[in-house]
Structure formats: structure tokens, C-alpha cells
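Novice: Input target-v2.cif, format and content: mmCIF, C-alpha atoms and all ligand atoms.
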```
data_model
#
loop_
_atom_site.label_atom_id
_atom_site.label_comp_id
_atom_site.auth_asym_id
_atom_site.auth_seq_id
_atom_site.Cartn_x
_atom_site.Cartn_y
_atom_site.Cartn_z
CA MET A 1 -21.11 0.08 -24.33
CA ALA A 2 -21.59 -1.77 -21.01
CA SER A 3 -21.12 0.39 -17.91
CA PHE A 4 -18.39 -0.45 -15.39
CA LYS A 5 -21.10 -1.67 -12.98
CA GLU A 6 -22.53 -3.97 -15.67
CA ILE A 7 -19.09 -5.41 -16.44
CA ILE A 8 -18.39 -5.95 -12.72
CA SER A 9 -21.72 -7.74 -12.25
CA THR A 10 -20.53 -10.43 -14.71
CA LEU A 11 -17.25 -11.10 -12.87
CA PRO A 12 -16.64 -14.11 -10.58
CA ARG A 13 -17.38 -13.11 -6.97
CA ARG A 14 -16.65 -14.29 -3.44
CA LYS A 15 -17.82 -13.16 -0.03
CA GLY A 16 -15.46 -10.55 1.46
CA TRP A 17 -13.88 -10.59 4.93
CA THR A 18 -16.95 -9.25 6.79
CA ASP A 19 -20.61 -10.12 7.29
CA SER A 20 -21.70 -7.19 5.09
CA ASN A 21 -22.73 -7.95 1.51
CA ASN A 22 -19.59 -6.32 0.17
CA ASP A 23 -18.28 -9.04 -2.17
CA LEU A 24 -14.85 -9.31 -3.72
CA PHE A 25 -14.80 -9.61 -7.53
CA LEU A 26 -12.13 -11.21 -9.71
CA TYR A 27 -10.98 -8.62 -12.23
CA ARG A 28 -8.03 -9.35 -14.53
CA GLY A 29 -6.67 -11.96 -12.13
CA PHE A 30 -7.04 -10.00 -8.89
CA TRP A 31 -9.76 -9.84 -6.24
CA CYS A 32 -11.11 -6.43 -5.39
CA TYR A 33 -14.15 -4.64 -4.00
CA SER A 34 -16.36 -3.24 -6.76
CA PHE A 35 -15.83 0.38 -5.70
CA PHE A 36 -12.09 0.07 -6.34
CA ILE A 37 -12.52 -1.90 -9.59
CA GLU A 38 -14.63 0.94 -10.97
CA GLY A 39 -11.79 3.29 -10.05
CA VAL A 40 -9.21 1.04 -11.68
CA MET A 41 -11.24 0.80 -14.89
CA SER A 42 -11.75 4.52 -14.95
CA ALA A 43 -8.07 5.25 -14.24
CA GLN A 44 -7.08 2.90 -17.06
CA GLN A 45 -9.17 5.06 -19.41
CA ASN A 46 -8.42 8.50 -18.04
CA PHE A 47 -5.14 8.73 -16.17
CA GLN A 48 -2.29 10.44 -17.98
CA SER A 49 1.04 10.07 -16.23
CA GLN A 50 3.73 12.76 -16.33
CA PRO A 51 7.45 11.93 -16.64
CA SER A 52 7.98 13.62 -13.25
CA ASP A 53 5.47 11.35 -11.48
CA ILE A 54 6.55 9.12 -8.63
CA VAL A 55 4.08 6.28 -8.21
CA ILE A 56 4.02 4.52 -4.84
CA CYS A 57 2.72 0.99 -5.41
CA SER A 58 1.89 -1.67 -2.84
CA ALA A 59 -0.52 -4.39 -1.90
CA PRO A 60 -2.54 -3.25 1.14
CA LYS A 61 -0.97 -3.67 4.61
CA THR A 62 2.62 -3.83 3.48
CA GLY A 63 3.87 -0.41 4.64
CA THR A 64 2.04 1.99 2.32
CA THR A 65 1.27 4.61 4.98
CA TRP A 66 4.93 4.69 6.02
CA LEU A 67 6.36 4.74 2.49
CA LYS A 68 4.01 7.58 1.55
CA SER A 69 5.18 9.57 4.58
CA LEU A 70 8.85 9.02 3.84
CA THR A 71 8.52 9.83 0.15
CA PHE A 72 6.42 12.92 0.83
CA ALA A 73 8.95 14.13 3.42
CA ILE A 74 11.82 13.58 0.96
CA VAL A 75 10.26 15.49 -1.95
CA THR A 76 9.00 18.38 0.20
CA ARG A 77 12.09 18.81 2.38
CA THR A 78 13.19 22.10 0.84
CA THR A 79 9.77 23.62 1.58
CA PHE A 80 9.06 22.06 4.99
CA ASP A 81 11.08 20.69 7.87
CA ASP A 82 10.24 18.38 10.73
CA SER A 83 8.41 21.14 12.59
CA THR A 84 6.35 22.45 9.66
CA SER A 85 5.67 19.34 7.56
CA PRO A 86 2.03 18.77 6.51
CA LEU A 87 2.60 15.22 7.80
CA LEU A 88 2.31 16.59 11.34
CA ALA A 89 -1.30 17.60 10.72
CA ASN A 90 -2.39 15.16 8.01
CA LEU A 91 -2.40 11.41 7.52
CA SER A 92 0.03 10.58 4.69
CA HIS A 93 -2.92 9.20 2.68
CA ASP A 94 -4.22 12.78 2.61
CA CYS A 95 -0.89 14.10 1.28
CA VAL A 96 -0.58 11.63 -1.61
CA PRO A 97 -3.55 11.13 -3.98
CA PHE A 98 -4.78 7.57 -4.47
CA LEU A 99 -4.99 6.68 -8.16
CA GLU A 100 -8.13 4.53 -8.18
CA VAL A 101 -10.10 6.94 -6.00
CA ASP A 102 -8.77 10.50 -6.24
CA LEU A 103 -7.41 10.40 -9.80
CA ALA A 104 -9.69 7.82 -11.37
CA HIS A 105 -11.79 10.25 -13.36
CA SER A 106 -9.25 12.89 -14.23
CA SER A 107 -5.53 13.43 -13.94
CA THR A 108 -5.95 17.19 -14.07
CA ASN A 109 -7.09 17.66 -10.47
CA ARG A 110 -3.55 17.31 -9.13
CA ASP A 111 -1.37 19.72 -7.21
CA PRO A 112 1.31 20.56 -9.81
CA LYS A 113 3.86 20.87 -7.00
CA ASN A 114 3.24 17.28 -5.81
CA PRO A 115 4.66 14.58 -8.12
CA LEU A 116 3.46 11.76 -5.85
CA LEU A 117 0.55 9.41 -6.34
CA ALA A 118 -0.17 5.98 -4.91
CA THR A 119 -2.01 2.86 -5.93
CA HIS A 120 -2.70 -0.73 -4.92
CA VAL A 121 -3.29 -1.76 -8.56
CA PRO A 122 -1.22 -4.79 -9.66
CA TYR A 123 1.52 -4.09 -12.21
CA SER A 124 -0.38 -5.80 -15.04
CA SER A 125 -3.38 -3.49 -14.57
CA LEU A 126 -1.63 -0.16 -14.15
CA PRO A 127 -2.79 2.51 -16.60
CA ARG A 128 -0.73 2.23 -19.80
CA SER A 129 0.67 5.74 -19.40
CA ILE A 130 2.36 4.80 -16.11
CA ILE A 131 4.08 1.83 -17.75
CA ASP A 132 5.05 3.75 -20.89
CA SER A 133 6.09 7.10 -19.44
CA SER A 134 9.48 7.68 -17.87
CA CYS A 135 7.92 8.18 -14.41
CA LYS A 136 9.34 6.26 -11.47
CA ILE A 137 7.62 3.47 -9.54
CA VAL A 138 8.46 2.56 -5.95
CA TYR A 139 7.06 -0.73 -4.68
CA ILE A 140 6.98 -2.04 -1.11
CA CYS A 141 6.24 -5.61 -0.04
CA ARG A 142 6.16 -7.39 3.30
CA ASN A 143 6.30 -10.89 4.72
CA PRO A 144 2.92 -12.51 3.92
CA LYS A 145 2.38 -13.74 7.51
CA ASP A 146 2.69 -10.21 8.93
CA SER A 147 0.79 -8.77 6.01
CA PHE A 148 -2.11 -11.17 6.62
CA VAL A 149 -2.20 -10.44 10.36
CA SER A 150 -2.12 -6.71 9.67
CA PHE A 151 -4.91 -7.08 7.11
CA TYR A 152 -7.06 -9.07 9.50
CA HIS A 153 -6.73 -6.51 12.27
CA PHE A 154 -7.45 -3.68 9.86
CA ILE A 155 -10.70 -5.32 8.78
CA ALA A 156 -11.60 -6.10 12.40
CA ARG A 157 -11.03 -2.50 13.51
CA LEU A 158 -12.79 -1.10 10.46
CA SER A 159 -15.74 -3.43 11.07
CA ALA A 160 -16.02 -2.28 14.68
CA SER A 161 -16.19 1.34 13.55
CA LYS A 162 -18.80 0.59 10.87
CA ASP A 163 -21.10 -1.75 12.74
CA MET A 164 -20.07 -4.79 10.70
CA LYS A 165 -18.63 -8.11 11.86
CA PRO A 166 -15.36 -9.49 10.49
CA VAL A 167 -15.21 -13.16 9.55
CA ALA A 168 -13.24 -15.30 12.05
CA LEU A 169 -9.44 -15.21 11.77
CA GLU A 170 -9.41 -18.82 10.53
CA GLU A 171 -11.88 -18.01 7.75
CA ALA A 172 -9.95 -14.92 6.68
CA PHE A 173 -6.79 -17.05 6.69
CA GLU A 174 -8.33 -19.60 4.35
CA LEU A 175 -9.48 -16.83 2.02
CA TYR A 176 -6.02 -15.21 2.10
CA CYS A 177 -4.33 -18.54 1.32
CA GLN A 178 -6.68 -18.94 -1.66
CA GLY A 179 -5.65 -15.48 -2.83
CA VAL A 180 -9.03 -13.96 -1.94
CA SER A 181 -8.03 -10.66 -0.32
CA ASN A 182 -8.42 -7.08 -1.50
CA TYR A 183 -5.99 -6.76 -4.49
CA GLY A 184 -4.91 -10.40 -3.94
CA PRO A 185 -3.59 -12.98 -4.57
CA TYR A 186 -0.86 -11.27 -2.56
CA TRP A 187 1.96 -13.33 -4.08
CA ASP A 188 0.91 -12.49 -7.65
CA HIS A 189 0.87 -8.79 -6.73
CA VAL A 190 4.43 -8.96 -5.40
CA LEU A 191 5.71 -11.10 -8.28
CA GLY A 192 4.27 -8.73 -10.89
CA PHE A 193 6.33 -5.83 -9.54
CA TRP A 194 9.34 -8.03 -8.73
CA LYS A 195 9.63 -9.28 -12.31
CA ALA A 196 9.05 -5.81 -13.72
CA SER A 197 11.76 -4.42 -11.41
CA LEU A 198 14.23 -6.98 -12.76
CA ASP A 199 13.34 -6.03 -16.34
CA ARG A 200 13.33 -2.29 -15.67
CA PRO A 201 15.58 -1.53 -12.67
CA ASP A 202 15.79 2.15 -13.61
CA LYS A 203 12.02 2.48 -13.48
CA ILE A 204 11.02 0.37 -10.50
CA LEU A 205 12.57 0.36 -7.04
CA PHE A 206 11.56 -2.80 -5.16
CA LEU A 207 11.59 -2.44 -1.36
CA LYS A 208 10.90 -4.79 1.53
CA TYR A 209 9.25 -3.55 4.76
CA GLU A 210 11.53 -5.69 6.95
CA GLU A 211 14.72 -4.37 5.34
CA MET A 212 13.48 -0.80 5.69
CA ILE A 213 12.72 -1.34 9.38
CA GLU A 214 16.22 -2.81 9.82
CA ASP A 215 18.08 0.13 8.28
CA THR A 216 15.67 2.97 7.55
CA VAL A 217 18.42 5.56 7.01
CA LEU A 218 20.03 3.49 4.25
CA TYR A 219 16.71 2.97 2.45
CA VAL A 220 15.64 6.60 2.76
CA LYS A 221 18.87 7.57 0.99
CA LYS A 222 18.31 4.88 -1.67
CA LEU A 223 14.73 6.03 -2.13
CA ALA A 224 15.75 9.67 -2.46
CA ASP A 225 18.47 8.80 -5.02
CA PHE A 226 16.08 6.67 -7.03
CA ILE A 227 13.29 9.22 -7.28
CA GLY A 228 15.71 11.97 -8.25
CA TYR A 229 15.79 13.88 -4.94
CA PRO A 230 19.23 12.80 -3.61
CA PHE A 231 20.52 14.14 -0.31
CA SER A 232 23.66 16.28 -0.65
CA SER A 233 26.57 15.51 1.65
CA GLU A 234 25.83 18.85 3.32
CA GLU A 235 22.25 17.73 4.07
CA ILE A 236 23.46 14.40 5.38
CA LYS A 237 25.95 16.19 7.67
CA LYS A 238 23.15 18.44 8.95
CA GLY A 239 21.05 15.36 9.86
CA SER A 240 18.35 15.83 7.24
CA VAL A 241 17.95 12.07 6.63
CA ASP A 242 17.77 11.28 10.35
CA LYS A 243 15.14 13.96 10.87
CA ILE A 244 12.93 12.47 8.15
CA VAL A 245 13.38 8.95 9.51
CA SER A 246 12.48 10.13 12.99
CA MET A 247 9.51 12.24 11.88
CA CYS A 248 8.06 9.27 9.93
CA SER A 249 8.70 6.62 12.57
CA PHE A 250 5.75 4.59 13.77
CA GLU A 251 6.09 6.02 17.28
CA LYS A 252 6.08 9.61 16.07
CA LEU A 253 3.29 9.35 13.48
CA SER A 254 0.98 7.15 15.51
CA ASN A 255 1.14 9.58 18.44
CA LEU A 256 0.21 12.68 16.46
CA GLU A 257 -3.20 14.03 17.39
CA VAL A 258 -4.35 13.81 13.75
CA ASN A 259 -3.53 10.12 13.67
CA LYS A 260 -5.13 9.44 17.04
CA SER A 261 -8.44 11.25 16.51
CA GLY A 262 -8.57 12.34 12.84
CA LYS A 263 -10.50 10.74 9.98
CA HIS A 264 -9.61 9.92 6.38
CA ARG A 265 -12.27 10.70 3.71
CA GLU A 266 -14.47 12.36 6.31
CA GLY A 267 -18.02 12.98 5.08
CA THR A 268 -17.92 10.10 2.56
CA PRO A 269 -19.17 6.50 2.91
CA GLY A 270 -15.48 5.47 2.77
CA VAL A 271 -14.58 7.37 5.97
CA ILE A 272 -11.90 5.61 8.05
CA GLU A 273 -10.43 6.60 11.41
CA ASN A 274 -6.75 7.46 10.90
CA LYS A 275 -5.72 5.40 13.91
CA ILE A 276 -6.74 2.21 12.07
CA TYR A 277 -3.70 2.67 9.80
CA PHE A 278 -1.41 2.36 12.84
CA ARG A 279 -1.35 -0.81 14.90
CA LYS A 280 2.10 -2.10 15.96
CA GLY A 281 4.46 -1.46 13.05
CA LYS A 282 6.59 -4.47 14.02
CA VAL A 283 8.24 -7.33 12.19
CA GLY A 284 7.16 -10.83 13.28
CA ASP A 285 3.90 -10.00 15.08
CA TRP A 286 2.34 -12.96 13.23
CA GLU A 287 3.77 -15.20 15.95
CA ASN A 288 1.14 -13.83 18.33
CA TYR A 289 -1.78 -14.80 16.07
CA LEU A 290 -0.94 -17.74 13.80
CA THR A 291 -0.63 -21.33 14.96
CA PRO A 292 2.54 -23.17 13.85
CA GLU A 293 0.36 -25.02 11.31
CA MET A 294 -1.00 -21.81 9.85
CA ALA A 295 2.51 -20.34 9.63
CA ALA A 296 3.78 -23.51 7.91
CA GLN A 297 0.88 -23.39 5.45
CA LEU A 298 1.59 -19.78 4.49
CA ASP A 299 5.33 -20.44 4.25
CA SER A 300 4.71 -23.36 1.95
CA ILE A 301 2.44 -21.31 -0.35
CA THR A 302 5.04 -18.55 -0.41
CA LEU A 303 7.85 -20.97 -1.28
CA GLN A 304 5.80 -22.55 -4.02
CA LYS A 305 4.60 -19.25 -5.50
CA LEU A 306 8.04 -17.59 -5.47
CA ASN A 307 9.89 -20.68 -6.63
CA GLY A 308 12.41 -19.78 -9.33
CA SER A 309 11.77 -16.05 -9.08
CA GLY A 310 14.87 -15.23 -7.02
CA LEU A 311 12.67 -13.44 -4.49
CA THR A 312 12.26 -14.40 -0.84
CA LEU A 313 9.67 -12.96 1.53
N1 LIG A 401 5.46 4.82 10.26
C1 LIG A 401 5.32 3.50 10.21
N2 LIG A 401 6.39 2.69 10.34
C2 LIG A 401 6.25 1.35 10.31
N3 LIG A 401 5.07 0.71 10.12
C3 LIG A 401 3.98 1.48 9.98
C4 LIG A 401 4.05 2.89 10.00
N4 LIG A 401 2.79 3.37 9.83
C5 LIG A 401 1.97 2.32 9.70
N5 LIG A 401 2.68 1.17 9.79
C6 LIG A 401 2.17 -0.20 9.74
O1 LIG A 401 1.86 -0.56 8.40
C7 LIG A 401 0.74 -1.45 8.40
C8 LIG A 401 -0.39 -0.86 7.58
O2 LIG A 401 -0.09 -1.09 6.23
P1 LIG A 401 -0.38 -0.04 5.09
O3 LIG A 401 0.09 1.27 5.50
O4 LIG A 401 0.18 -0.62 3.83
O5 LIG A 401 -1.96 -0.06 5.03
S1 LIG A 401 -2.83 0.54 3.82
O6 LIG A 401 -2.65 -0.38 2.69
O7 LIG A 401 -2.37 1.88 3.52
O8 LIG A 401 -4.22 0.52 4.30
C9 LIG A 401 0.35 -1.65 9.86
O9 LIG A 401 1.10 -2.78 10.29
P2 LIG A 401 0.68 -3.66 11.56
O10 LIG A 401 1.03 -2.85 12.75
O11 LIG A 401 1.52 -4.90 11.48
O12 LIG A 401 -0.78 -3.96 11.45
C10 LIG A 401 0.84 -0.36 10.47
O13 LIG A 401 0.99 -0.41 11.86
#
```
Could you write out this structure as C-alpha cells?
Ligand SMILES: Nc1ncnc2c1ncn2[C@@H]1O[C@H](COP(=O)(O)OS(=O)(=O)O)[C@@H](OP(=O)(O)O)[C@H]1O

Specialist:
Amino acid sequence: MASFKEIISTLPRRKGWTDSNNDLFLYRGFWCYSFFIEGVMSAQQNFQSQPSDIVICSAPKTGTTWLKSLTFAIVTRTTFDDSTSPLLANLSHDCVPFLEVDLAHSSTNRDPKNPLLATHVPYSSLPRSIIDSSCKIVYICRNPKDSFVSFYHFIARLSASKDMKPVALEEAFELYCQGVSNYGPYWDHVLGFWKASLDRPDKILFLKYEEMIEDTVLYVKKLADFIGYPFSSEEIKKGSVDKIVSMCSFEKLSNLEVNKSGKHREGTPGVIENKIYFRKGKVGDWENYLTPEMAAQLDSITLQKLNGSGLTL
């Protein structure tokens, strides 16, 4: 049987968003770096989901770090509070295992007390056991213009820390519009989960970054209800929801020492400075980077892609 590497070497490929020779490959309709595709293939073969699992799904740069923090704080709130939470000393990515990296080869190396896992895998390529089991999926999406700008800055900051050069913003924009971004096309990623959430509303909660920023308290309650960890009226009276919202706010998390000077995956080639996951955390920052023409181009792609779906971004 061909190895994962052999299969990947036969896939269509495009240059990635930096000057390094780290290409993006087209696997089952989405573009991805080979390291992650190997993880996806392996997870498809090996990962066994439990009914108690809560799977946090997202395309990159749509609010993953935040959603992981909120969900982790919700499920661990009877063990920790806002002065003892592991989130004060750990990046949320280190509190929630990542399917295609941490759980790709085995689902047995999990903390039995932690039902959370996260992935960027599109709905159509999730391991069968996640689709078939009664576990819950929470998906977050974000306006494509902000998502692109966030992505570009992430790659630029990552490149600076790894002695690589990012492609110019205009080149990255063209690639993004063509769907060539890690786990892209972005619109297909969102639509896959959107359609599945309409078919299976009890299984998939579909969230938007902008709506969560607008009324975080409301969405934290919704999220807690959906994943089976509802807040009691007593907890609400005691301010438990507000404390979680405040602890997981951009201002609070980005100013923690661990997120200013700590590193994710330290000691591995995939090491990333935690601070790169925090930039502005704002809605509408695209206005500072995209020309009116670029914005109109992205809006038009979004309209065309989402046409008839009932979804707006
Ligand atoms: N707590 C909190 N609240 C609100 N927003 C936050 C928070 N933490 C991170 N961010 C912003 O999310 C953007 C990064 O996206 P992701 O977390 O999805 O990145 S990743 O996929 O996990 O690499 C990136 O957005 P931009 O600031 O627009 O670049 C982060 O700043």
C-alpha cells in the first residue's frame, strides 16, 4: 500500500504563502500543507470518537484560540475558577488537543477528564467516527476579509520568527481568492459545516466570530447549553458566565505572561510563539489593509459562493 507521503506526492500542488519550499497540496478538495494532510489521513484511519467528545472545528484565523479558551473554561468551571484556570498559564491550544497533530496516530493518548478536541479539517474529511457518533461539534466562522487579513499577518509574523519571507499581501490575496490557503477554499470550509448544521442542528452548533464579539455572554450561555454544560440560574446570579467571558477576553489572554513570551510546541520543528495567535481581536480591521477594490472582489466571491445557502458572512 502506498505511504501517506507517496499519496501526497501525487496530489496537485501550489506554492504556499512564503518563500520557503513548503507547498500546499490539494487533498479531497482542500489545500493543505503536507504535514497536516498526513495527520488528517492518519486521523481518518485511527481516531475513534467518544459520545462525550466536543469537537471544536474551524478554518484557521476565525477565532479558534478564543473558542477553545471559552469552551475549556466552561467544561472545567467546577474544577477551576478564574484565578486557578490552566488558561492563565497555558495557551488554549495546549489545553485542547489538535486532532490532526496530537491525536492523529492514536485516540488513546487523551486525558479522560477532557472531552475537548479541535480540528481545522473540513466537514467532508472528518474521521467517520466523529460524524457517526453522538458527539457534539462546535464550528466558528468569520468574515472572509478579516479572516484573510488575520491569516496574512499570522504568516508574516511566523515567517519573521522562522527566517522565512512571506509573499506580498497582494499575492497572498490572489491565492486566497483562488481558494489556495491552508484548509481552503475558505468558503467551502464554511459551507460544509453550515449545511451540516442545518441538517443536524442537534449535533452542530454554528457560530460567527462577529456575533460572539457583539454579545459574548449570550453565546457563552448558548455554547454551554449546546455542549451539555448549562449554567444554573445560581451560577448566572453569582457571575460565573461574566467571569469566563472576562477571563477569555482578548485583552486578558493576550496580556498573560505565557501568551506574551511562551511557545507552543516548544522543542519541535512546528514551534510557534504564543503571541502570534494574538494580534488585534477586532471586527473590521480589514479596512486598514485592503483597498476598496480588494474588498469588493472578496465580497463578490463571498456572495457568489454563498448564494442560495441562506448564510451571510
Ligand atoms: N480571546 C480572543 N478574543 C477575540 N479574538 C481573539 C482572541 N484570541 C485570539 N483572537 C484573534 O483570533 C485570530 C486568530 O485566529 P485563530 O485563533 O482561529 O487562529 S488559529 O487558527 O488558531 O491559528 C486573531 O485575529 P486578528 O487579531 O484579526 O489577527 C486573534 O487576534

Novice: Given only C-alpha atoms and all ligand atoms as the basis, pick out the residue of A:Arg200, A:His93, A:Lys61, A:Lys113 nearest to ligand LIG 401 (chain A).

Specialist: A:Lys61

Novice: Quick one: everything within 12 Å of A:Ala156, counting all atoms listed in the file, minus sequence neighbours fewer than 6 positions away in the same chain. Send it as a PyMOL selection string.

Specialist: chain A and resi 17-19+149-150+162-169+172+276+279

Novice: For ligand LIG 401 (chain A), which residue out of A:Ser254, A:Thr302, A:Asn109, A:Asn288 is the nearest one, using all atoms listed in the file?

Specialist: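 Checking each of A:Ser254, A:Thr302, A:Asn109, A:Asn288 against ligand LIG 401 (chain A), counting all atoms listed in the file, the winner is A:Ser254.
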
Novice: Just the number, please: distance in Å from atom CA of A:Leu103 to atom CA of A:Ala43, one decimal.

Specialist: 6.8 Å

Novice: Which residues of chain A have any atom within 7 Å of an atom in ligand LIG 401 (chain A) when counting only C-alpha atoms and all ligand atoms, and what is the closest pair of atoms for each, with the distance in Å to one decimal? Order the rows by chain and rising number and write it as a Markdown table.

Specialist:
```
| residue | atom | partner | partner_atom | distance |
| --- | --- | --- | --- | --- |
| A:Ser58 | CA | A:LIG401 | O4 | 7.0 |
| A:Ala59 | CA | A:LIG401 | O6 | 6.5 |
| A:Pro60 | CA | A:LIG401 | O6 | 3.3 |
| A:Lys61 | CA | A:LIG401 | O2 | 3.2 |
| A:Thr62 | CA | A:LIG401 | O4 | 4.0 |
| A:Gly63 | CA | A:LIG401 | O4 | 3.8 |
| A:Thr64 | CA | A:LIG401 | O4 | 3.5 |
| A:Thr65 | CA | A:LIG401 | O3 | 3.6 |
| A:Trp66 | CA | A:LIG401 | N1 | 4.3 |
| A:Asp146 | CA | A:LIG401 | O11 | 6.0 |
| A:Ser147 | CA | A:LIG401 | O11 | 6.7 |
| A:Val149 | CA | A:LIG401 | O12 | 6.7 |
| A:Ser150 | CA | A:LIG401 | O12 | 3.5 |
| A:Phe151 | CA | A:LIG401 | O12 | 6.8 |
| A:His153 | CA | A:LIG401 | O12 | 6.5 |
| A:Phe154 | CA | A:LIG401 | O12 | 6.9 |
| A:Cys248 | CA | A:LIG401 | N1 | 5.2 |
| A:Ser249 | CA | A:LIG401 | N1 | 4.4 |
| A:Phe250 | CA | A:LIG401 | N1 | 3.5 |
| A:Leu253 | CA | A:LIG401 | N1 | 6.0 |
| A:Tyr277 | CA | A:LIG401 | C8 | 5.3 |
| A:Phe278 | CA | A:LIG401 | O13 | 3.8 |
| A:Arg279 | CA | A:LIG401 | O10 | 3.8 |
| A:Lys280 | CA | A:LIG401 | O10 | 3.5 |
| A:Gly281 | CA | A:LIG401 | N3 | 3.7 |
| A:Lys282 | CA | A:LIG401 | O11 | 5.7 |
| A:Asp285 | CA | A:LIG401 | O11 | 6.7 |
```

Novice: Neighbouring residues of A:Tyr33 were defined as those with any atom within 9 Å, considering all atoms listed in the file; residues of the same chain fewer than 6 positions away were excluded. Please report them as a list of chain:residue names.

Specialist: A:Gly16, A:Asn22, A:Asp23, A:Leu24, A:Phe25, A:Leu26, A:Asn182, A:Tyr183

Novice: Determine the axis-aligned bounding box of all atoms of stretch 89-98 of chain A present in the file, pad each side by 8 Å, and express its centre and edge lengths in Å to one decimal place as JSON.

Specialist:
```
{"center_x": -2.4, "center_y": 12.6, "center_z": 3.1, "size_x": 20.8, "size_y": 26.0, "size_z": 31.2}
```

Novice: With distances taken over all atoms listed in the file, which residue among A:Val138, A:Cys32, A:Met247, A:Val101 lies nearest A:Pro12?

Specialist: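 The closest residue to A:Pro12 is A:Cys32.
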
Novice: Leaving out A:Lys221 and any residue of its chain fewer than 3 positions from it, which residues lie within 8 Å of it when counting all atoms listed in the file, given as a ChimeraX atom specification?

Specialist: /A:217-218,224-225,230-231,241

Novice: Once you count all atoms listed in the file, what closest atom pair and distance in Å to one decimal does each residue of stretch 77-99 of chain A within 9 Å of stretch 255-271 of chain A have, with rows by chain and rising residue number, as a tab-separated table?

Specialist:
```
residue	atom	partner	partner_atom	distance
A:Leu88	CA	A:Leu256	CA	6.8
A:Ala89	CA	A:Val258	CA	5.7
A:Asn90	CA	A:Val258	CA	6.2
A:Leu91	CA	A:Asn259	CA	6.4
A:His93	CA	A:His264	CA	7.7
A:Asp94	CA	A:His264	CA	7.2
```

Novice: May I ask which of the residues A:Gln50, A:Tyr152, A:Ser20, A:Leu126 is the closest one to A:Glu171, counting only C-alpha atoms?

Specialist: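 For A:Glu171, the nearest of the candidates is A:Tyr152.
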
Novice: Give me, please, the distance in Å between atom CA of A:Val40 and atom CA of A:Leu313, quoted to one decimal.

Specialist: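 Distance between the two atoms: 27.0 Å.
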
Novice: Which polymer residues have any atom within 9 Å of an atom of A:Tyr123, counting only C-alpha atoms, with same-chain residues fewer than 2 positions away left out, as a list of chain:residue names?

Specialist: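 Once the adjacent positions are removed, what remains is A:Cys57, A:Val121, A:Ser125, A:Leu126, A:Ile131, A:His189, A:Val190, A:Gly192, A:Phe193, A:Ala196.
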
Novice: Anything within 9 Å of (13.1, 15.7, 1.7): list those residues as a ChimeraX atom specification, counting all atoms listed in the file and sticking to the file's coordinates.

Specialist: /A:70-81,224,229-231,240-241,244

Novice: Just to be explicit: take each residue in the selection above, keep C-alpha atoms, and write the result as a PDB file, keeping the file's coordinate frame.

Specialist:
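Result written to again.pdb:
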```pdb
ATOM      1  CA  LEU A  70       8.850   9.020   3.840  1.00  0.00           C
ATOM      2  CA  THR A  71       8.520   9.830   0.150  1.00  0.00           C
ATOM      3  CA  PHE A  72       6.420  12.920   0.830  1.00  0.00           C
ATOM      4  CA  ALA A  73       8.950  14.130   3.420  1.00  0.00           C
ATOM      5  CA  ILE A  74      11.820  13.580   0.960  1.00  0.00           C
ATOM      6  CA  VAL A  75      10.260  15.490  -1.950  1.00  0.00           C
ATOM      7  CA  THR A  76       9.000  18.380   0.200  1.00  0.00           C
ATOM      8  CA  ARG A  77      12.090  18.810   2.380  1.00  0.00           C
ATOM      9  CA  THR A  78      13.190  22.100   0.840  1.00  0.00           C
ATOM     10  CA  THR A  79       9.770  23.620   1.580  1.00  0.00           C
ATOM     11  CA  PHE A  80       9.060  22.060   4.990  1.00  0.00           C
ATOM     12  CA  ASP A  81      11.080  20.690   7.870  1.00  0.00           C
ATOM     13  CA  ALA A 224      15.750   9.670  -2.460  1.00  0.00           C
ATOM     14  CA  TYR A 229      15.790  13.880  -4.940  1.00  0.00           C
ATOM     15  CA  PRO A 230      19.230  12.800  -3.610  1.00  0.00           C
ATOM     16  CA  PHE A 231      20.520  14.140  -0.310  1.00  0.00           C
ATOM     17  CA  SER A 240      18.350  15.830   7.240  1.00  0.00           C
ATOM     18  CA  VAL A 241      17.950  12.070   6.630  1.00  0.00           C
ATOM     19  CA  ILE A 244      12.930  12.470   8.150  1.00  0.00           C
TER      20      ILE A 244
END
```

Novice: Since the input is missing atoms, can you rebuild N, CA and C atoms for stretch 81-94 of chain A and write them as a CSV table (one decimal), in the frame of the given file?

Specialist:
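result13.csv was written with the following content:
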```csv
chain,number,residue,atom,x,y,z
A,81,ASP,N,10.2,21.5,7.1
A,81,ASP,CA,11.1,20.7,7.9
A,81,ASP,C,10.3,19.9,8.9
A,82,ASP,N,11.0,19.3,9.8
A,82,ASP,CA,10.2,18.4,10.7
A,82,ASP,C,9.4,19.1,11.8
A,83,SER,N,9.4,20.5,11.7
A,83,SER,CA,8.4,21.1,12.6
A,83,SER,C,7.3,21.8,11.8
A,84,THR,N,7.4,21.8,10.5
A,84,THR,CA,6.4,22.4,9.7
A,84,THR,C,5.7,21.5,8.7
A,85,SER,N,6.2,20.3,8.6
A,85,SER,CA,5.7,19.3,7.6
A,85,SER,C,4.2,19.1,7.7
A,86,PRO,N,3.5,19.1,6.5
A,86,PRO,CA,2.0,18.8,6.5
A,86,PRO,C,1.8,17.4,7.1
A,87,LEU,N,2.8,16.6,7.2
A,87,LEU,CA,2.6,15.2,7.8
A,87,LEU,C,2.3,15.3,9.3
A,88,LEU,N,2.6,16.5,9.9
A,88,LEU,CA,2.3,16.6,11.3
A,88,LEU,C,0.8,16.8,11.6
A,89,ALA,N,0.1,17.3,10.6
A,89,ALA,CA,-1.3,17.6,10.7
A,89,ALA,C,-2.2,16.8,9.8
A,90,ASN,N,-1.6,15.9,9.0
A,90,ASN,CA,-2.4,15.2,8.0
A,90,ASN,C,-1.9,13.7,7.9
A,91,LEU,N,-2.8,12.8,7.8
A,91,LEU,CA,-2.4,11.4,7.5
A,91,LEU,C,-1.7,11.4,6.1
A,92,SER,N,-0.7,10.6,6.0
A,92,SER,CA,0.0,10.6,4.7
A,92,SER,C,-0.9,10.3,3.5
A,93,HIS,N,-2.0,9.5,3.8
A,93,HIS,CA,-2.9,9.2,2.7
A,93,HIS,C,-3.6,10.5,2.2
A,94,ASP,N,-3.6,11.5,3.0
A,94,ASP,CA,-4.2,12.8,2.6
A,94,ASP,C,-3.2,13.7,2.0
```
